[in-house]
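Structure data follow from data.cif (mmCIF, C-alpha atoms):
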data_run
loop_
_atom_site.group_PDB
_atom_site.id
_atom_site.type_symbol
_atom_site.label_atom_id
_atom_site.label_comp_id
_atom_site.auth_asym_id
_atom_site.auth_seq_id
_atom_site.Cartn_x
_atom_site.Cartn_y
_atom_site.Cartn_z
ATOM 1 C CA MET A 239 0.000 0.000 0.000
ATOM 2 C CA ASN A 240 1.171 3.499 -0.881
ATOM 3 C CA VAL A 241 -0.398 6.576 0.690
ATOM 4 C CA LEU A 242 -0.525 9.906 -1.132
ATOM 5 C CA LEU A 243 -1.388 12.917 1.042
ATOM 6 C CA PHE A 244 -2.282 15.984 -1.005
ATOM 7 C CA ASP A 245 -2.223 19.622 -0.071
ATOM 8 C CA ILE A 246 -5.160 21.581 -1.536
ATOM 9 C CA ASP A 247 -4.452 25.247 -2.309
ATOM 10 C CA GLY A 248 -1.691 25.675 -4.848
ATOM 11 C CA THR A 249 -1.437 21.909 -5.383
ATOM 12 C CA LEU A 250 -4.888 20.669 -6.414
ATOM 13 C CA ILE A 251 -6.650 23.993 -6.977
ATOM 14 C CA ASP A 252 -6.139 27.711 -7.228
ATOM 15 C CA ALA A 253 -9.224 29.091 -5.490
ATOM 16 C CA GLY A 254 -8.520 32.655 -6.608
ATOM 17 C CA GLY A 255 -8.187 33.948 -3.055
ATOM 18 C CA ALA A 256 -11.664 32.758 -2.069
ATOM 19 C CA GLY A 257 -10.579 31.436 1.315
ATOM 20 C CA GLN A 258 -8.834 34.589 2.471
ATOM 21 C CA ALA A 259 -11.686 36.760 1.197
ATOM 22 C CA ALA A 260 -14.207 34.669 3.149
ATOM 23 C CA MET A 261 -12.039 34.910 6.278
ATOM 24 C CA GLU A 262 -11.929 38.693 6.053
ATOM 25 C CA ASP A 263 -15.653 38.897 5.277
ATOM 26 C CA ALA A 264 -16.443 36.728 8.302
ATOM 27 C CA LEU A 265 -14.476 39.047 10.569
ATOM 28 C CA ALA A 266 -16.220 42.071 9.083
ATOM 29 C CA GLU A 267 -19.648 40.519 9.474
ATOM 30 C CA GLU A 268 -19.164 39.283 13.034
ATOM 31 C CA PHE A 269 -16.948 41.989 14.544
ATOM 32 C CA GLY A 270 -17.225 44.990 12.251
ATOM 33 C CA VAL A 271 -13.529 45.034 11.371
ATOM 34 C CA ARG A 272 -12.344 45.514 7.838
ATOM 35 C CA GLY A 273 -9.416 47.116 6.108
ATOM 36 C CA PRO A 274 -6.130 46.374 4.370
ATOM 37 C CA VAL A 275 -4.410 43.437 6.054
ATOM 38 C CA THR A 276 -0.625 43.485 5.899
ATOM 39 C CA GLY A 277 2.139 41.256 7.183
ATOM 40 C CA ILE A 278 0.121 38.046 7.432
ATOM 41 C CA HIS A 279 1.533 35.218 5.349
ATOM 42 C CA THR A 280 -0.817 32.457 4.265
ATOM 43 C CA ALA A 281 1.070 29.999 2.025
ATOM 44 C CA GLY A 282 1.774 26.704 3.759
ATOM 45 C CA ARG A 283 0.118 27.774 7.021
ATOM 46 C CA THR A 284 -2.945 26.463 8.807
ATOM 47 C CA ASP A 285 -6.278 28.240 8.738
ATOM 48 C CA ARG A 286 -6.179 28.389 12.514
ATOM 49 C CA ALA A 287 -2.802 30.144 12.503
ATOM 50 C CA ILE A 288 -3.920 32.591 9.812
ATOM 51 C CA ALA A 289 -7.169 33.344 11.630
ATOM 52 C CA MET A 290 -5.359 33.890 14.927
ATOM 53 C CA ASP A 291 -3.116 36.421 13.187
ATOM 54 C CA LEU A 292 -6.173 38.147 11.710
ATOM 55 C CA PHE A 293 -7.794 38.332 15.151
ATOM 56 C CA ASP A 294 -4.605 39.859 16.511
ATOM 57 C CA PHE A 295 -4.273 42.286 13.591
ATOM 58 C CA HIS A 296 -7.817 43.571 14.141
ATOM 59 C CA LYS A 297 -7.514 43.416 17.947
ATOM 60 C CA VAL A 298 -10.406 40.985 18.299
ATOM 61 C CA GLU A 299 -10.253 38.940 21.493
ATOM 62 C CA VAL A 300 -9.743 35.230 20.967
ATOM 63 C CA ASN A 301 -12.217 33.226 23.029
ATOM 64 C CA ASP A 302 -14.507 30.264 22.408
ATOM 65 C CA THR A 303 -17.552 32.404 21.633
ATOM 66 C CA HIS A 304 -15.740 34.623 19.154
ATOM 67 C CA TRP A 305 -14.078 31.636 17.520
ATOM 68 C CA SER A 306 -17.400 29.839 17.085
ATOM 69 C CA ARG A 307 -19.005 32.942 15.550
ATOM 70 C CA TYR A 308 -16.073 33.424 13.208
ATOM 71 C CA THR A 309 -15.860 29.840 11.925
ATOM 72 C CA ARG A 310 -19.638 29.573 11.497
ATOM 73 C CA SER A 311 -19.642 32.714 9.337
ATOM 74 C CA TYR A 312 -16.572 31.597 7.403
ATOM 75 C CA PHE A 313 -18.136 28.275 6.419
ATOM 76 C CA ARG A 314 -21.360 30.039 5.422
ATOM 77 C CA LEU A 315 -19.573 32.661 3.313
ATOM 78 C CA LEU A 316 -16.975 30.410 1.664
ATOM 79 C CA PRO A 317 -19.267 28.816 -0.978
ATOM 80 C CA ASP A 318 -20.309 32.229 -2.328
ATOM 81 C CA SER A 319 -16.701 33.375 -2.287
ATOM 82 C CA LEU A 320 -15.701 30.322 -4.323
ATOM 83 C CA ARG A 321 -18.470 30.977 -6.843
ATOM 84 C CA THR A 322 -17.496 34.608 -7.386
ATOM 85 C CA ARG A 323 -13.748 34.054 -7.763
ATOM 86 C CA SER A 324 -11.921 32.887 -10.862
ATOM 87 C CA GLY A 325 -10.561 29.678 -9.402
ATOM 88 C CA VAL A 326 -9.378 26.620 -11.322
ATOM 89 C CA VAL A 327 -8.362 23.018 -10.873
ATOM 90 C CA LEU A 328 -4.629 22.910 -11.542
ATOM 91 C CA PRO A 329 -3.088 21.133 -14.553
ATOM 92 C CA GLY A 330 -3.217 17.348 -14.573
ATOM 93 C CA VAL A 331 -5.074 17.014 -11.276
ATOM 94 C CA VAL A 332 -8.368 15.535 -12.504
ATOM 95 C CA ALA A 333 -6.732 12.925 -14.733
ATOM 96 C CA LEU A 334 -4.255 11.984 -12.014
ATOM 97 C CA LEU A 335 -6.874 11.544 -9.297
ATOM 98 C CA ASP A 336 -9.148 9.565 -11.605
ATOM 99 C CA ARG A 337 -6.239 7.292 -12.463
ATOM 100 C CA LEU A 338 -5.152 6.745 -8.868
ATOM 101 C CA ARG A 339 -8.673 6.222 -7.602
ATOM 102 C CA GLN A 340 -8.981 3.087 -9.732
ATOM 103 C CA ARG A 341 -6.107 1.369 -7.945
ATOM 104 C CA ASP A 342 -6.553 -0.782 -4.862
ATOM 105 C CA ASP A 343 -2.926 -0.353 -3.774
ATOM 106 C CA VAL A 344 -3.207 3.416 -3.257
ATOM 107 C CA LEU A 345 -4.832 5.347 -0.424
ATOM 108 C CA LEU A 346 -5.556 8.991 -1.223
ATOM 109 C CA GLY A 347 -5.719 11.481 1.613
ATOM 110 C CA LEU A 348 -5.313 15.149 2.434
ATOM 111 C CA LEU A 349 -2.655 17.018 4.342
ATOM 112 C CA THR A 350 -3.891 20.580 4.330
ATOM 113 C CA GLY A 351 -3.883 23.700 6.435
ATOM 114 C CA ASN A 352 -7.567 24.199 5.646
ATOM 115 C CA PHE A 353 -10.215 23.685 8.267
ATOM 116 C CA ALA A 354 -11.764 20.274 7.600
ATOM 117 C CA GLU A 355 -15.130 21.767 6.635
ATOM 118 C CA GLY A 356 -13.427 24.409 4.501
ATOM 119 C CA ALA A 357 -11.449 21.702 2.709
ATOM 120 C CA GLN A 358 -14.650 19.809 1.959
ATOM 121 C CA LEU A 359 -16.365 22.946 0.639
ATOM 122 C CA LYS A 360 -13.447 23.817 -1.634
ATOM 123 C CA LEU A 361 -13.040 20.310 -3.011
ATOM 124 C CA ALA A 362 -16.805 19.883 -3.507
ATOM 125 C CA HIS A 363 -16.951 23.147 -5.443
ATOM 126 C CA TYR A 364 -14.342 21.829 -7.880
ATOM 127 C CA GLY A 365 -15.727 18.281 -8.042
ATOM 128 C CA LEU A 366 -12.800 16.655 -6.239
ATOM 129 C CA ALA A 367 -14.234 15.784 -2.833
ATOM 130 C CA ASP A 368 -14.971 12.108 -3.479
ATOM 131 C CA HIS A 369 -11.361 11.152 -4.138
ATOM 132 C CA PHE A 370 -10.049 11.390 -0.567
ATOM 133 C CA GLN A 371 -10.603 8.978 2.295
ATOM 134 C CA LEU A 372 -8.885 10.645 5.258
ATOM 135 C CA GLY A 373 -6.618 13.517 6.186
ATOM 136 C CA GLY A 374 -5.049 15.996 8.532
ATOM 137 C CA PHE A 375 -6.486 19.511 8.776
ATOM 138 C CA GLY A 376 -5.868 22.960 10.206
ATOM 139 C CA ASP A 377 -8.722 23.170 12.719
ATOM 140 C CA HIS A 378 -6.627 22.802 15.871
ATOM 141 C CA HIS A 379 -2.971 23.135 14.889
ATOM 142 C CA LEU A 380 -0.817 26.219 14.446
ATOM 143 C CA ASP A 381 2.121 24.185 13.146
ATOM 144 C CA ARG A 382 1.772 22.293 9.874
ATOM 145 C CA ASP A 383 4.060 19.558 11.200
ATOM 146 C CA ASP A 384 1.295 18.718 13.671
ATOM 147 C CA VAL A 385 -1.189 18.508 10.800
ATOM 148 C CA ALA A 386 1.125 15.963 9.186
ATOM 149 C CA ARG A 387 1.221 13.957 12.400
ATOM 150 C CA GLU A 388 -2.590 14.014 12.534
ATOM 151 C CA ALA A 389 -2.763 12.760 8.961
ATOM 152 C CA PHE A 390 -0.291 9.971 9.646
ATOM 153 C CA ARG A 391 -2.272 8.893 12.711
ATOM 154 C CA ALA A 392 -5.356 8.681 10.486
ATOM 155 C CA VAL A 393 -3.397 6.512 8.049
ATOM 156 C CA ARG A 394 -2.220 4.256 10.855
ATOM 157 C CA THR A 395 -5.791 3.679 12.046
ATOM 158 C CA ARG A 396 -6.424 1.963 8.706
ATOM 159 C CA HIS A 397 -3.014 0.414 8.183
ATOM 160 C CA PRO A 398 -1.307 0.016 11.578
ATOM 161 C CA GLU A 399 1.834 -1.539 10.133
ATOM 162 C CA LEU A 400 2.374 0.996 7.355
ATOM 163 C CA GLU A 401 5.890 2.427 7.372
ATOM 164 C CA PRO A 402 6.419 6.188 6.891
ATOM 165 C CA HIS A 403 8.471 5.694 3.742
ATOM 166 C CA ARG A 404 5.312 4.368 2.055
ATOM 167 C CA VAL A 405 3.740 7.800 2.486
ATOM 168 C CA TRP A 406 4.165 10.659 0.022
ATOM 169 C CA VAL A 407 3.270 14.258 0.860
ATOM 170 C CA ILE A 408 2.390 16.279 -2.234
ATOM 171 C CA GLY A 409 2.439 20.054 -1.914
ATOM 172 C CA ASP A 410 3.607 23.384 -3.252
ATOM 173 C CA THR A 411 5.412 25.132 -0.381
ATOM 174 C CA PRO A 412 8.523 24.649 1.747
ATOM 175 C CA SER A 413 6.155 23.921 4.646
ATOM 176 C CA ASP A 414 4.877 20.863 2.769
ATOM 177 C CA VAL A 415 8.432 19.575 2.444
ATOM 178 C CA LYS A 416 9.152 20.269 6.102
ATOM 179 C CA CYS A 417 5.994 18.610 7.436
ATOM 180 C CA GLY A 418 6.566 15.580 5.252
ATOM 181 C CA ARG A 419 10.007 15.166 6.781
ATOM 182 C CA ALA A 420 8.456 15.503 10.257
ATOM 183 C CA ILE A 421 6.640 12.192 9.761
ATOM 184 C CA GLY A 422 9.384 10.454 7.818
ATOM 185 C CA ALA A 423 7.473 10.640 4.535
ATOM 186 C CA LYS A 424 8.764 11.291 1.059
ATOM 187 C CA VAL A 425 7.816 14.555 -0.604
ATOM 188 C CA LEU A 426 6.753 15.602 -4.082
ATOM 189 C CA ALA A 427 6.801 19.375 -4.546
ATOM 190 C CA VAL A 428 5.150 21.216 -7.426
ATOM 191 C CA GLY A 429 5.666 24.763 -8.630
ATOM 192 C CA THR A 430 1.975 25.541 -9.039
ATOM 193 C CA GLY A 431 1.650 27.789 -5.995
ATOM 194 C CA ILE A 432 3.449 31.007 -5.144
ATOM 195 C CA PHE A 433 6.824 29.250 -4.933
ATOM 196 C CA SER A 434 8.633 28.478 -8.170
ATOM 197 C CA VAL A 435 10.509 25.259 -8.838
ATOM 198 C CA THR A 436 13.733 27.237 -8.364
ATOM 199 C CA GLU A 437 12.572 28.453 -4.956
ATOM 200 C CA LEU A 438 11.504 24.967 -3.867
ATOM 201 C CA GLU A 439 14.675 23.220 -4.983
ATOM 202 C CA PRO A 440 16.845 24.225 -1.967
ATOM 203 C CA HIS A 441 14.335 22.487 0.335
ATOM 204 C CA ARG A 442 15.256 19.188 -1.309
ATOM 205 C CA PRO A 443 11.974 17.386 -1.959
ATOM 206 C CA ASP A 444 12.371 13.845 -3.262
ATOM 207 C CA VAL A 445 10.670 14.809 -6.514
ATOM 208 C CA LEU A 446 10.265 18.337 -7.878
ATOM 209 C CA LEU A 447 7.988 19.104 -10.821
ATOM 210 C CA PRO A 448 6.455 22.176 -12.441
ATOM 211 C CA ASN A 449 2.962 20.642 -12.101
ATOM 212 C CA LEU A 450 1.100 17.333 -11.901
ATOM 213 C CA SER A 451 0.316 17.030 -15.602
ATOM 214 C CA GLU A 452 2.905 14.332 -16.383
ATOM 215 C CA PRO A 453 2.398 11.581 -13.792
ATOM 216 C CA GLU A 454 4.757 9.149 -15.494
ATOM 217 C CA SER A 455 7.652 11.337 -14.370
ATOM 218 C CA TRP A 456 7.015 10.528 -10.712
ATOM 219 C CA LEU A 457 4.593 7.623 -10.347
ATOM 220 C CA GLN A 458 7.469 5.284 -11.126
ATOM 221 C CA ALA A 459 9.277 6.650 -8.089
ATOM 222 C CA VAL A 460 6.484 5.377 -5.851
ATOM 223 C CA GLY A 461 6.086 2.104 -7.717
ATOM 224 C CA LEU A 462 2.744 3.005 -9.252
ATOM 225 C CA THR A 463 3.420 2.713 -12.984
#
Let me see the file written as C-alpha cells.
Amino acid sequence: MNVLLFDIDGTLIDAGGAGQAAMEDALAEEFGVRGPVTGIHTAGRTDRAIAMDLFDFHKVEVNDTHWSRYTRSYFRLLPDSLRTRSGVVLPGVVALLDRLRQRDDVLLGLLTGNFAEGAQLKLAHYGLADHFQLGGFGDHHLDRDDVAREAFRAVRTRHPELEPHRVWVIGDTPSDVKCGRAIGAKVLAVGTGIFSVTELEPHRPDVLLPNLSEPESWLQAVGLT
C-alpha cells in the first residue's frame, strides 16, 4: 500500500483567493472590522494560525464564543466566495486523481492547512471531494508539522503496520516539504503555488515538478506505474 497525502491550495486547486476573502468577510460581518491586512503570510500555514493572526491584527479577542461565531460565518460565506472568484483546478489534477482512484494499492488522503469543513467545501466546489478517504487539517494546529502527524495517525488507524516511507506528501510550499520530513514521509513538490521550482529546490523534496500534468515522471518513483 502506498499513501498519497495531497495539499489543496496551490497543489490541487487555485481558489482565486476565495478562502482569504471569506475569512476577512467573516471578521467584518461578526466583529465589524475591515481594512487592508498586511504582514500576514498564508502559504503553507494552517487556517487556525492565519485566523489567529487576523484576530490579533484587528484586535479581536480570541475566546470560544468569538471563535465559534467566526468559523460559522466563514463556512457560510466560503461557498459564495468560491463561486465569485476565478478559481481553477490545476493542470493534470483531474486525470491523475481519476487514475489513482482506480487502484486498490493506493490510499488517497489530504494534508492541508484548511479547516476540515473548509477543505470539503473547496473540493466539492471543484468536483474533487470524493477522491479522498482521510486527512489531517488545520482546525486545531498552528504548526503544519502537527497537521502531518494528525494525517499519519489517520493513516495508521487503517493500516497500523504501514511504514512512513510508504507515504508521500504532495504540496507546493517549503512547509509541505518540512511537514513531510516531520513524519518520515517522502515529498513531491510542485511549482503551481506562489513558490517556483527554483525556490523549492533548496528544500530538497524527493521529486520536484512544475505541475502534476505528467504523472509518469514521478509515479514510477512510488512504484505506481
- Task: Using the chain letters and residue numbers of this document, give as a list in words the residues selected by the PyMOL selection byres ((chain A and resi 331) around 9).
- Result: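 When the PyMOL selection byres ((chain A and resi 331) around 9) is applied, the selected residues are Thr249, Leu250, Ile251, Val327, Leu328, Pro329, Gly330, Val332, Ala333, Leu334, Leu335, Asp336, Asn449, Leu450 and Ser451 of chain A.
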Those selected residues, please, written with C-alpha atoms and delivered as a PDB file, in the frame of the given file.
ATOM      1  CA  THR A 249      -1.437  21.909  -5.383  1.00  0.00           C
ATOM      2  CA  LEU A 250      -4.888  20.669  -6.414  1.00  0.00           C
ATOM      3  CA  ILE A 251      -6.650  23.993  -6.977  1.00  0.00           C
ATOM      4  CA  VAL A 327      -8.362  23.018 -10.873  1.00  0.00           C
ATOM      5  CA  LEU A 328      -4.629  22.910 -11.542  1.00  0.00           C
ATOM      6  CA  PRO A 329      -3.088  21.133 -14.553  1.00  0.00           C
ATOM      7  CA  GLY A 330      -3.217  17.348 -14.573  1.00  0.00           C
ATOM      8  CA  VAL A 332      -8.368  15.535 -12.504  1.00  0.00           C
ATOM      9  CA  ALA A 333      -6.732  12.925 -14.733  1.00  0.00           C
ATOM     10  CA  LEU A 334      -4.255  11.984 -12.014  1.00  0.00           C
ATOM     11  CA  LEU A 335      -6.874  11.544  -9.297  1.00  0.00           C
ATOM     12  CA  ASP A 336      -9.148   9.565 -11.605  1.00  0.00           C
ATOM     13  CA  ASN A 449       2.962  20.642 -12.101  1.00  0.00           C
ATOM     14  CA  LEU A 450       1.100  17.333 -11.901  1.00  0.00           C
ATOM     15  CA  SER A 451       0.316  17.030 -15.602  1.00  0.00           C
TER      16      SER A 451
END
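With atom CA of Ala289 of chain A on one side and atom CA of Leu320 of chain A on the other, the separation reads 18.3 Å.
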- Message: Residues proximal to (9.3, 15.6, 3.4) were defined as those with any atom within 10 Å of that point in the file's coordinates, counting all atoms listed in the file. Which are they, as a PyMOL selection string?
- Response: chain A and resi 403+405-409+412-427+441-444
- Could you work out how far atom CA of His304 of chain A lies from atom CA of Gly373 of chain A, giving the answer in Å with one decimal?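 So the two atoms, atom CA of Gly373 of chain A and atom CA of His304 of chain A, lie 26.4 Å apart.
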Applied to this file, what does the PyMOL selection byres ((chain A and resi 378-394) around 8) return in terms of residues, put as a tab-separated table (two decimals) with C-alpha atoms, in the coordinates of the input?
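What follows is the written file expr_38.tsv:
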chain	number	residue	atom	x	y	z
A	241	VAL	CA	-0.40	6.58	0.69
A	282	GLY	CA	1.77	26.70	3.76
A	283	ARG	CA	0.12	27.77	7.02
A	284	THR	CA	-2.94	26.46	8.81
A	286	ARG	CA	-6.18	28.39	12.51
A	287	ALA	CA	-2.80	30.14	12.50
A	348	LEU	CA	-5.31	15.15	2.43
A	349	LEU	CA	-2.66	17.02	4.34
A	350	THR	CA	-3.89	20.58	4.33
A	351	GLY	CA	-3.88	23.70	6.44
A	372	LEU	CA	-8.88	10.64	5.26
A	373	GLY	CA	-6.62	13.52	6.19
A	374	GLY	CA	-5.05	16.00	8.53
A	375	PHE	CA	-6.49	19.51	8.78
A	376	GLY	CA	-5.87	22.96	10.21
A	377	ASP	CA	-8.72	23.17	12.72
A	395	THR	CA	-5.79	3.68	12.05
A	396	ARG	CA	-6.42	1.96	8.71
A	397	HIS	CA	-3.01	0.41	8.18
A	398	PRO	CA	-1.31	0.02	11.58
A	399	GLU	CA	1.83	-1.54	10.13
A	400	LEU	CA	2.37	1.00	7.36
A	413	SER	CA	6.16	23.92	4.65
A	414	ASP	CA	4.88	20.86	2.77
A	416	LYS	CA	9.15	20.27	6.10
A	417	CYS	CA	5.99	18.61	7.44
A	418	GLY	CA	6.57	15.58	5.25
A	420	ALA	CA	8.46	15.50	10.26
A	421	ILE	CA	6.64	12.19	9.76
- Task: Please provide the set of residues having any atom within 8 Å of segment 355-363 of chain A, restricted to only C-alpha atoms, with same-chain residues fewer than 6 positions apart removed, written as number ranges by chain.
- Result: A: 246, 253, 313, 316-317, 320
- Task: For atom CA of Glu401 of chain A and atom CA of Asp343 of chain A, quote the distance in Å rounded to one decimal.
- Result: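 For atom CA of Glu401 of chain A relative to atom CA of Asp343 of chain A, the distance reads 14.5 Å.
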- Pull out every residue that the PyMOL selection byres ((chain A and resi 437) around 12) matches in the shown coordinates and put them as a PyMOL selection string. chain A and resi 410-412+427-436+438-443+446-448
- Query: Using all atoms listed in the file, which of the listed residues (A:Gly347, A:Gly270, A:Gly257, A:Pro402) sits closest to Tyr312 of chain A?
  - Reply: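 Of A:Gly347, A:Gly270, A:Gly257, A:Pro402, the one nearest Tyr312 of chain A, counting all atoms listed in the file, is A:Gly257.
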- Which one of A:Thr303, A:Ser311, A:Asn240, A:Asn352 sits closest to Asp285 of chain A if you count all atoms listed in the file?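 Using all atoms listed in the file, the shortest distance to Asp285 of chain A belongs to A:Asn352.
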- Item | Residues within 9 Å of (-7.6, 30.7, -7.2), file coords, all atoms listed in the file, listed as a list in words |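 Using all atoms listed in the file, the matching residues come out as Asp247, Gly248, Ile251, Asp252, Ala253, Gly254, Gly255, Ala256, Leu320, Arg323, Ser324, Gly325, Val326 and Val327 of chain A.
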Step by step, gather every atom of segment 313-316 of chain A that the file lists, find the box along x, y and z that holds them, add 8 Å on each side, and finally give centre and edge lengths in Å to one decimal, as lines of an AutoDock Vina configuration file.
center_x = -19.2
center_y = 30.5
center_z = 4.0
size_x = 20.4
size_y = 20.4
size_z = 20.8
Would you mind writing segment 297-325 of chain A with N, CA and C atoms, as a CSV table (one decimal), in the coordinates of the input?
chain,number,residue,atom,x,y,z
A,297,LYS,N,-7.3,43.3,16.5
A,297,LYS,CA,-7.5,43.4,17.9
A,297,LYS,C,-8.9,42.9,18.4
A,298,VAL,N,-9.2,41.7,17.9
A,298,VAL,CA,-10.4,41.0,18.3
A,298,VAL,C,-10.0,39.9,19.3
A,299,GLU,N,-10.6,39.9,20.4
A,299,GLU,CA,-10.3,38.9,21.5
A,299,GLU,C,-10.5,37.5,21.0
A,300,VAL,N,-9.6,36.6,21.3
A,300,VAL,CA,-9.7,35.2,21.0
A,300,VAL,C,-10.4,34.5,22.2
A,301,ASN,N,-11.6,34.1,22.0
A,301,ASN,CA,-12.2,33.2,23.0
A,301,ASN,C,-13.2,32.3,22.3
A,302,ASP,N,-13.7,31.3,23.0
A,302,ASP,CA,-14.5,30.3,22.4
A,302,ASP,C,-15.7,30.8,21.7
A,303,THR,N,-16.4,31.8,22.3
A,303,THR,CA,-17.6,32.4,21.6
A,303,THR,C,-17.2,33.1,20.3
A,304,HIS,N,-16.2,33.9,20.4
A,304,HIS,CA,-15.7,34.6,19.2
A,304,HIS,C,-15.3,33.6,18.1
A,305,TRP,N,-14.6,32.6,18.5
A,305,TRP,CA,-14.1,31.6,17.5
A,305,TRP,C,-15.2,30.9,16.9
A,306,SER,N,-16.2,30.5,17.6
A,306,SER,CA,-17.4,29.8,17.1
A,306,SER,C,-18.2,30.7,16.1
A,307,ARG,N,-18.3,32.0,16.5
A,307,ARG,CA,-19.0,32.9,15.6
A,307,ARG,C,-18.2,33.1,14.2
A,308,TYR,N,-16.9,33.2,14.4
A,308,TYR,CA,-16.1,33.4,13.2
A,308,TYR,C,-16.1,32.2,12.3
A,309,THR,N,-15.9,31.0,12.8
A,309,THR,CA,-15.9,29.8,11.9
A,309,THR,C,-17.2,29.6,11.3
A,310,ARG,N,-18.3,29.8,12.1
A,310,ARG,CA,-19.6,29.6,11.5
A,310,ARG,C,-19.9,30.5,10.3
A,311,SER,N,-19.5,31.8,10.4
A,311,SER,CA,-19.6,32.7,9.3
A,311,SER,C,-18.7,32.4,8.2
A,312,TYR,N,-17.5,31.9,8.5
A,312,TYR,CA,-16.6,31.6,7.4
A,312,TYR,C,-17.1,30.5,6.5
A,313,PHE,N,-17.6,29.4,7.2
A,313,PHE,CA,-18.1,28.3,6.4
A,313,PHE,C,-19.4,28.7,5.6
A,314,ARG,N,-20.2,29.6,6.1
A,314,ARG,CA,-21.4,30.0,5.4
A,314,ARG,C,-21.0,30.9,4.2
A,315,LEU,N,-20.0,31.7,4.4
A,315,LEU,CA,-19.6,32.7,3.3
A,315,LEU,C,-18.7,32.0,2.2
A,316,LEU,N,-17.9,31.0,2.6
A,316,LEU,CA,-17.0,30.4,1.7
A,316,LEU,C,-17.6,29.9,0.3
A,317,PRO,N,-18.7,29.2,0.3
A,317,PRO,CA,-19.3,28.8,-1.0
A,317,PRO,C,-19.5,30.0,-1.9
A,318,ASP,N,-20.1,31.1,-1.5
A,318,ASP,CA,-20.3,32.2,-2.3
A,318,ASP,C,-19.0,32.8,-2.8
A,319,SER,N,-18.0,32.9,-1.9
A,319,SER,CA,-16.7,33.4,-2.3
A,319,SER,C,-16.1,32.5,-3.4
A,320,LEU,N,-16.2,31.2,-3.3
A,320,LEU,CA,-15.7,30.3,-4.3
A,320,LEU,C,-16.4,30.6,-5.7
A,321,ARG,N,-17.7,30.8,-5.6
A,321,ARG,CA,-18.5,31.0,-6.8
A,321,ARG,C,-18.1,32.3,-7.5
A,322,THR,N,-17.7,33.3,-6.8
A,322,THR,CA,-17.5,34.6,-7.4
A,322,THR,C,-16.0,34.9,-7.7
A,323,ARG,N,-15.2,33.9,-7.4
A,323,ARG,CA,-13.7,34.1,-7.8
A,323,ARG,C,-13.4,33.2,-9.0
A,324,SER,N,-12.3,33.6,-9.7
A,324,SER,CA,-11.9,32.9,-10.9
A,324,SER,C,-10.9,31.8,-10.5
A,325,GLY,N,-11.4,30.8,-9.8
A,325,GLY,CA,-10.6,29.7,-9.4
A,325,GLY,C,-10.5,28.6,-10.5
